[in-house]
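Structure file entry_21.txt (compact mmCIF, C-alpha atoms and all ligand atoms) follows.
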# COMPACT_ATOMS: atom_id res chain seq x y z
CA MET A 299 -1.09 -14.42 8.79
CA GLU A 300 -4.47 -12.94 7.91
CA ILE A 301 -4.27 -9.29 6.86
CA LYS A 302 -7.59 -7.53 6.37
CA GLY A 303 -6.55 -4.09 5.20
CA PHE A 304 -3.50 -2.28 3.82
CA ILE A 305 -2.79 1.41 3.20
CA GLN A 306 0.27 1.83 1.01
CA ASN A 307 1.41 5.11 2.50
CA SER A 308 0.24 7.50 5.16
CA LEU A 309 1.66 10.61 6.77
CA LEU A 310 -0.98 10.63 9.49
CA GLU A 311 -0.76 7.33 11.31
CA TRP A 312 2.82 7.77 12.59
CA GLU A 313 3.77 11.44 12.88
CA GLY A 314 7.06 12.32 11.24
CA ARG A 315 7.23 9.08 9.24
CA ILE A 316 5.98 7.96 5.87
CA SER A 317 4.46 4.63 6.77
CA CYS A 318 2.31 1.91 5.35
CA VAL A 319 -0.55 0.67 7.56
CA ILE A 320 -1.44 -2.99 8.08
CA PHE A 321 -4.82 -3.95 9.58
CA LEU A 322 -5.16 -7.25 11.45
CA PRO A 323 -8.54 -8.79 12.28
CA GLY A 324 -10.28 -9.41 15.58
CA CYS A 325 -10.65 -7.50 18.81
CA ASN A 326 -11.50 -8.41 22.40
CA PHE A 327 -13.24 -5.04 22.98
CA ARG A 328 -16.46 -3.69 21.49
CA CYS A 329 -15.96 0.06 21.92
CA ARG A 330 -19.15 1.97 21.33
CA TYR A 331 -17.39 4.48 19.05
CA CYS A 332 -15.37 1.88 17.15
CA HIS A 333 -15.09 2.67 13.44
CA ALA A 334 -13.54 -0.69 12.63
CA GLY A 335 -16.66 -2.84 12.86
CA HIS A 336 -15.59 -4.62 9.66
CA LEU A 337 -12.32 -5.64 11.37
CA ILE A 338 -13.79 -6.86 14.63
CA GLN A 339 -16.12 -9.13 12.67
CA PRO A 340 -13.33 -10.23 10.34
CA ASN A 341 -15.34 -12.67 8.24
CA LEU A 342 -16.89 -9.65 6.53
CA LEU A 343 -13.61 -8.91 4.74
CA GLU A 344 -11.47 -10.66 2.17
CA SER A 345 -7.93 -11.39 3.33
CA ILE A 346 -4.88 -9.87 1.67
CA GLU A 347 -1.89 -12.14 1.12
CA GLU A 348 0.95 -11.37 3.53
CA GLN A 349 3.43 -11.95 0.68
CA GLN A 350 1.67 -9.27 -1.37
CA VAL A 351 2.16 -6.75 1.45
CA LEU A 352 5.79 -7.75 1.99
CA SER A 353 6.55 -7.51 -1.75
CA TYR A 354 5.11 -3.98 -1.81
CA ILE A 355 7.27 -3.01 1.19
CA LYS A 356 10.35 -4.54 -0.46
CA LYS A 357 9.76 -2.51 -3.63
CA GLN A 358 9.05 0.76 -1.82
CA ARG A 359 11.41 0.48 1.13
CA ASP A 360 13.69 3.27 -0.06
CA TRP A 361 11.08 5.89 0.58
CA LEU A 362 8.95 4.24 3.30
CA ASP A 363 10.18 4.86 6.88
CA GLY A 364 7.95 2.49 8.73
CA ALA A 365 4.98 0.18 9.02
CA VAL A 366 2.13 0.70 11.46
CA ILE A 367 0.40 -2.50 12.55
CA THR A 368 -3.09 -1.92 13.85
CA GLY A 369 -6.47 -3.63 14.07
CA GLY A 370 -8.66 -4.71 15.61
CA GLU A 371 -6.17 -5.61 18.32
CA PRO A 372 -2.85 -6.76 16.84
CA THR A 373 -1.41 -8.29 20.04
CA LEU A 374 -4.09 -11.00 19.91
CA HIS A 375 -2.05 -12.55 17.08
CA GLU A 376 0.94 -13.20 19.35
CA TYR A 377 3.55 -15.34 17.51
CA GLU A 378 2.12 -14.57 14.07
CA LEU A 379 2.50 -10.89 14.91
CA LEU A 380 6.11 -11.45 15.95
CA ASP A 381 6.82 -13.19 12.64
CA LEU A 382 5.24 -10.35 10.67
CA ILE A 383 7.27 -7.76 12.57
CA ARG A 384 10.45 -9.74 12.00
CA GLU A 385 9.78 -9.90 8.24
CA ILE A 386 9.13 -6.15 8.03
CA LYS A 387 12.21 -5.24 10.04
CA THR A 388 14.33 -7.53 7.88
CA LEU A 389 13.25 -5.34 4.97
CA GLY A 390 14.63 -2.30 6.82
CA LEU A 391 11.47 -0.57 8.04
CA GLU A 392 10.70 0.56 11.57
CA VAL A 393 7.52 -0.78 13.14
CA MET A 394 4.86 0.83 15.31
CA ILE A 395 2.04 -1.09 17.01
CA GLU A 396 -1.33 0.39 17.91
CA THR A 397 -2.95 -1.42 20.85
CA ASN A 398 -5.89 -1.23 23.23
CA GLY A 399 -3.55 -2.20 26.09
CA SER A 400 -5.35 -5.43 26.94
CA ASN A 401 -2.33 -7.71 26.51
CA PRO A 402 0.55 -6.48 28.71
CA LYS A 403 2.38 -9.80 28.46
CA TRP A 404 2.75 -9.35 24.71
CA ILE A 405 3.39 -5.63 24.90
CA GLU A 406 6.30 -6.45 27.20
CA LYS A 407 7.58 -9.15 24.86
CA LEU A 408 7.48 -6.77 21.90
CA LEU A 409 9.31 -4.07 23.83
CA LYS A 410 11.86 -6.26 25.61
CA HIS A 411 13.17 -7.91 22.51
CA HIS A 412 13.33 -4.60 20.61
CA ARG A 413 10.97 -5.92 18.02
CA ILE A 414 9.10 -2.63 17.72
CA ASP A 415 10.24 0.99 17.50
CA ALA A 416 7.14 2.78 18.76
CA ILE A 417 3.79 2.04 20.38
CA ALA A 418 0.49 3.88 20.58
CA MET A 419 -1.92 2.74 23.28
CA ASP A 420 -5.54 3.74 23.82
CA VAL A 421 -6.62 4.60 27.35
CA LYS A 422 -10.35 4.52 26.93
CA ALA A 423 -11.64 5.90 30.24
CA PRO A 424 -10.67 6.47 33.87
CA LEU A 425 -9.26 3.22 35.23
CA GLU A 426 -12.39 2.11 37.03
CA LYS A 427 -14.18 -1.07 36.03
CA GLU A 428 -17.65 0.37 35.55
CA ILE A 429 -16.82 3.34 33.34
CA TYR A 430 -14.21 1.38 31.35
CA GLY A 431 -16.84 -1.25 30.65
CA LYS A 432 -19.29 1.42 29.49
CA VAL A 433 -16.84 2.51 26.79
CA ILE A 434 -15.41 -0.84 25.70
CA GLY A 435 -18.69 -2.76 25.81
CA VAL A 436 -17.25 -5.77 27.69
CA ASP A 437 -16.21 -6.55 31.28
CA PHE A 438 -12.48 -6.04 31.70
CA ASP A 439 -10.04 -5.86 34.62
CA VAL A 440 -8.62 -2.32 34.49
CA GLU A 441 -5.53 -3.41 36.43
CA ILE A 442 -4.44 -5.06 33.18
CA ILE A 443 -4.64 -1.69 31.43
CA ARG A 444 -2.71 -0.10 34.31
CA ARG A 445 0.01 -2.75 33.87
CA SER A 446 0.35 -1.99 30.14
CA ILE A 447 0.67 1.73 30.89
CA ALA A 448 3.44 1.06 33.43
CA ILE A 449 5.33 -1.22 31.04
CA ILE A 450 5.33 1.45 28.33
CA LEU A 451 6.21 4.33 30.66
CA ASN A 452 9.11 2.37 32.17
CA ASN A 453 10.53 1.25 28.85
CA GLY A 454 11.45 4.57 27.26
CA ILE A 455 10.33 3.50 23.77
CA GLU A 456 8.77 6.18 21.53
CA HIS A 457 5.15 6.16 22.65
CA GLU A 458 1.80 7.90 22.61
CA PHE A 459 -1.26 7.40 24.81
CA ARG A 460 -4.54 8.17 23.07
CA ILE A 461 -7.69 9.32 24.85
CA THR A 462 -10.78 9.24 22.65
CA LEU A 463 -13.64 11.37 23.93
CA LEU A 464 -17.18 10.06 24.20
CA PRO A 465 -19.98 12.54 24.92
CA GLY A 466 -21.71 11.84 28.23
CA ILE A 467 -19.07 9.28 29.28
CA VAL A 468 -15.53 10.59 28.64
CA GLY A 469 -15.26 14.38 28.86
CA VAL A 470 -13.33 16.99 30.86
CA GLU A 471 -13.67 15.35 34.30
CA GLU A 472 -12.70 11.94 32.98
CA VAL A 473 -9.67 13.35 31.13
CA LYS A 474 -8.52 14.85 34.46
CA SER A 475 -8.58 11.37 35.96
CA ILE A 476 -7.00 9.54 32.98
CA VAL A 477 -3.99 11.85 32.56
CA LYS A 478 -2.98 11.33 36.21
CA GLU A 479 -2.31 7.69 35.25
CA LEU A 480 -0.04 8.81 32.40
CA LYS A 481 2.40 11.04 34.30
CA GLY A 482 5.74 11.15 32.48
CA ALA A 483 4.34 10.17 29.07
CA GLN A 484 6.07 11.33 25.90
CA THR A 485 2.85 12.16 24.07
CA ILE A 486 -0.79 12.28 25.09
CA ALA A 487 -3.26 12.62 22.21
CA ILE A 488 -6.75 13.96 22.92
CA GLN A 489 -8.98 12.64 20.14
CA ASN A 490 -12.37 14.14 19.48
CA PHE A 491 -15.42 11.92 19.20
CA GLN A 492 -16.37 11.12 15.59
CA PRO A 493 -20.01 10.07 15.27
CA ASP A 494 -19.88 8.64 11.74
CA ASN A 495 -20.22 4.86 11.56
CA CYS A 496 -19.91 4.25 15.31
CA LEU A 497 -20.38 0.57 16.20
CA ASP A 498 -23.16 1.55 18.62
CA LYS A 499 -25.68 3.20 16.32
CA SER A 500 -27.13 5.26 19.18
CA MET A 501 -23.82 7.18 19.27
CA ARG A 502 -24.14 8.38 15.69
CA SER A 503 -26.39 11.30 16.59
CA LEU A 504 -24.15 12.64 19.39
CA THR A 505 -22.34 15.96 18.99
CA PRO A 506 -18.53 16.03 19.11
CA PHE A 507 -16.70 18.33 21.54
CA SER A 508 -16.09 21.98 20.66
CA ALA A 509 -12.66 23.52 19.97
CA GLU A 510 -12.81 25.28 23.38
CA GLN A 511 -13.48 22.01 25.19
CA LEU A 512 -10.62 20.30 23.32
CA ASP A 513 -8.26 23.13 24.25
CA GLU A 514 -9.34 22.91 27.89
CA MET A 515 -8.60 19.18 27.93
CA ALA A 516 -5.20 19.72 26.27
CA GLU A 517 -4.30 22.22 29.03
CA ILE A 518 -5.33 19.67 31.67
CA ALA A 519 -3.07 17.05 30.05
CA LYS A 520 0.01 19.27 29.61
CA PRO A 521 1.57 18.80 33.09
CA PHE A 522 1.53 15.03 32.58
CA ALA A 523 3.36 14.66 29.25
CA GLU A 524 6.23 16.11 27.25
CA ARG A 525 3.82 16.80 24.42
CA VAL A 526 0.05 16.98 24.03
CA VAL A 527 -1.69 16.83 20.66
CA VAL A 528 -5.34 17.34 19.81
CA ARG A 529 -6.98 15.44 16.96
CA GLY A 530 -10.40 15.97 15.46
CA ARG A 531 -10.52 19.75 15.30
CA GLU A 532 -12.44 19.33 12.02
CA GLN A 533 -15.23 17.65 14.03
CA ALA A 534 -15.11 20.55 16.49
CA ALA A 535 -15.45 23.04 13.64
CA LEU A 536 -18.52 21.19 12.38
CA THR A 537 -19.92 21.34 15.91
CA SER A 538 -19.42 25.11 16.12
CA SER A 539 -21.02 25.65 12.73
CA ARG A 540 -24.12 23.77 13.88
CA GLN A 541 -24.43 25.82 17.11
S1 LIG B 601 -10.17 -1.52 20.76
FE1 LIG B 601 -12.18 -0.68 20.48
S2 LIG B 601 -11.91 0.91 18.91
FE2 LIG B 601 -10.12 -0.45 18.80
S3 LIG B 601 -10.67 -1.98 17.27
FE3 LIG B 601 -11.22 -2.82 19.28
S4 LIG B 601 -13.38 -2.31 19.49
FE4 LIG B 601 -12.56 -0.99 17.86

Output the file's structure in the form of C-alpha cells.
Amino acid sequence: MEIKGFIQNSLLEWEGRISCVIFLPGCNFRCRYCHAGHLIQPNLLESIEEQQVLSYIKKQRDWLDGAVITGGEPTLHEYELLDLIREIKTLGLEVMIETNGSNPKWIEKLLKHHRIDAIAMDVKAPLEKEIYGKVIGVDFDVEIIRRSIAIILNNGIEHEFRITLLPGIVGVEEVKSIVKELKGAQTIAIQNFQPDNCLDKSMRSLTPFSAEQLDEMAEIAKPFAERVVVRGREQAALTSSRQ
C-alpha cells in the first residue's frame, strides 16, 4: 500500500490517545480550503514503505495507543485499507479513520466488522447539492453524505463530526443547518478557517472567524451533541489582533 506521510506520535489527532498518523494518497474532493494539496496530487510525494511504518509501530507499541489513518480520503483504498488496519490491530493498536464521508459502503464495512475503533467525519456544508459543491469543488450527491452520517450515528462507535468554516460560504447560518443533521452525535468539532496554503489560492487572503463567532457556533451546536469542541482559536486570536 502506498503511504505518503507518517507522523510518529501526536497528541492532537485523536484526543486522549498518543497516536501515530498515517497519510494515504488521493481524494475524490477538491475542497477549496484543503491543506493537503500534496496528498491529493500524490505523484508529488515519495512513498514510504508500509513495512517501515509497521516496524516503527511494532517497536513503539508499548507507549502508542493508536494509529490514525487519514488522507486524502483513506476509504478510496478499500481492501488495501482493510489489510493495513488488520496489520496495525494485530500489533495491538487501536485505529481511527478520518473520512470525508463519500464512501458509506466502506464506512459501513469498517464499522460492521469492528475493524476500527473510532471515526472522524467531515461534514463540509449544509446537505444541499449547490452549497456542498461550492466547498468541495466537485459535483456530489449529498444523500451519500447523509447516508454516512446515519451509519455512524446508528453504530455507537466513538465518533466525531467536523465542521470546517469557510468565510462567505460556511458560517453561523450554515452551522445551524448542518448540526440539525447530526442530532445525537458524540462530538461535534467546529474548526476555524485557516487561510495558509489553501488549495484555492483566492481563499488565502480571507479572514478567519473571531472567538465570539466561534463561541456562538459552539452554543448553536450544543443541543445536538454530547460534546462540542472548538478548534482554531489561535486563528481567531490573530483575527482579533488585526481588527
Ligand atoms: S476531503 Fe477535502 S480537505 Fe480532505 S483531503 Fe480531500 S480535498 Fe482535502

For the interface of chain A with ligand LIG 601 (chain B) (cut-off 10 Å, counting all atoms listed in the file), please tabulate each contacting residue of chain A alongside its nearest pair of atoms and their separation in Å to one decimal, rows sorted by chain and increasing number, as CSV.
residue,atom,partner,partner_atom,distance
A:Phe321,CA,B:LIG601,S3,9.9
A:Leu322,CA,B:LIG601,S3,9.6
A:Pro323,CA,B:LIG601,S3,8.7
A:Gly324,CA,B:LIG601,FE3,7.6
A:Cys325,CA,B:LIG601,FE3,4.7
A:Asn326,CA,B:LIG601,FE3,6.4
A:Phe327,CA,B:LIG601,S4,4.4
A:Arg328,CA,B:LIG601,S4,3.9
A:Cys329,CA,B:LIG601,FE1,4.1
A:Arg330,CA,B:LIG601,S4,7.4
A:Tyr331,CA,B:LIG601,S2,6.5
A:Cys332,CA,B:LIG601,S2,4.0
A:His333,CA,B:LIG601,FE4,6.3
A:Ala334,CA,B:LIG601,FE4,5.3
A:Gly335,CA,B:LIG601,FE4,6.7
A:His336,CA,B:LIG601,S3,9.4
A:Leu337,CA,B:LIG601,S3,7.1
A:Ile338,CA,B:LIG601,S3,6.4
A:Thr368,CA,B:LIG601,S3,8.3
A:Gly369,CA,B:LIG601,S3,5.5
A:Gly370,CA,B:LIG601,S3,3.8
A:Glu371,CA,B:LIG601,FE3,5.8
A:Pro372,CA,B:LIG601,S3,9.2
A:Glu396,CA,B:LIG601,FE2,8.9
A:Thr397,CA,B:LIG601,S1,7.2
A:Asn398,CA,B:LIG601,S1,5.0
A:Gly399,CA,B:LIG601,S1,8.5
A:Ser400,CA,B:LIG601,S1,8.8
A:Met419,CA,B:LIG601,S1,9.6
A:Asp420,CA,B:LIG601,S1,7.6
A:Val421,CA,B:LIG601,S1,9.7
A:Lys422,CA,B:LIG601,FE1,8.5
A:Val433,CA,B:LIG601,FE1,8.5
A:Ile434,CA,B:LIG601,FE1,6.1
A:Gly435,CA,B:LIG601,S4,8.3
A:Val436,CA,B:LIG601,S4,9.7
A:Thr462,CA,B:LIG601,S2,9.2
A:Cys496,CA,B:LIG601,FE4,9.4
A:Leu497,CA,B:LIG601,FE4,8.1

> What is the distance between CA of Gly466 (chain A) and CA of Asn490 (chain A), in Å to one decimal?
Replying inline: 13.0 Å

>> I'd like to know which of A:Asp437, A:Glu428, A:Glu479, A:Asp360 is closest to Ile467 (chain A), using all atoms listed in the file.
In response: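 Smallest separation from Ile467 (chain A) among the options: A:Glu428.
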
Point (-3.0, -5.7, 30.9), cut-off 8 Å, counting only C-alpha atoms, residues as a JSON list (two decimals) with C-alpha atoms, keeping the file's coordinate frame:
[["chain", "number", "residue", "atom", "x", "y", "z"],
["A", 399, "GLY", "CA", -3.55, -2.20, 26.09],
["A", 400, "SER", "CA", -5.35, -5.43, 26.94],
["A", 401, "ASN", "CA", -2.33, -7.71, 26.51],
["A", 402, "PRO", "CA", 0.55, -6.48, 28.71],
["A", 403, "LYS", "CA", 2.38, -9.80, 28.46],
["A", 439, "ASP", "CA", -10.04, -5.86, 34.62],
["A", 440, "VAL", "CA", -8.62, -2.32, 34.49],
["A", 441, "GLU", "CA", -5.53, -3.41, 36.43],
["A", 442, "ILE", "CA", -4.44, -5.06, 33.18],
["A", 443, "ILE", "CA", -4.64, -1.69, 31.43],
["A", 444, "ARG", "CA", -2.71, -0.10, 34.31],
["A", 445, "ARG", "CA", 0.01, -2.75, 33.87],
["A", 446, "SER", "CA", 0.35, -1.99, 30.14]]

>> Please list as a ChimeraX atom specification every residue within 12 Å of Arg384 (chain A), counting only C-alpha atoms and excluding residues in the same chain fewer than 6 positions away.
In response: /A:352,365,377-378,390-393,408,411-414

>> Counting all atoms listed in the file, which residues sit no farther than 7 Å from the position (-0.5, 12.5, 26.6) in the file's frame? I'd like them as a ChimeraX atom specification.
In response: /A:458-460,477,480,483-487,519,522-523,525-526

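If you look at CA of Leu464 (chain A) and CA of Ala416 (chain A), they are 26.0 Å away from each other.
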
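Of the listed residues (A:Lys474, A:Lys387, A:Lys357, A:His375), A:Lys474 comes nearest to Lys520 (chain A); the distances count all atoms listed in the file.
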
> Using all atoms listed in the file, which residue out of A:Asp415, A:Glu472, A:Glu456, A:Asp498 lies closest to Ile429 (chain A)?
Replying inline: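 The answer is A:Glu472, which sits nearest to Ile429 (chain A).
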
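Of the residues under consideration (A:Lys302, A:Gln489, A:Ile447, A:Arg531), A:Gln489 shows the shortest atom-to-atom contact distance to Val473 (chain A) when counting all atoms listed in the file.
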
>> Please report the interatomic distance between CA of Lys356 (chain A) and CA of Glu313 (chain A) in Å with one decimal.
In response: 21.8 Å
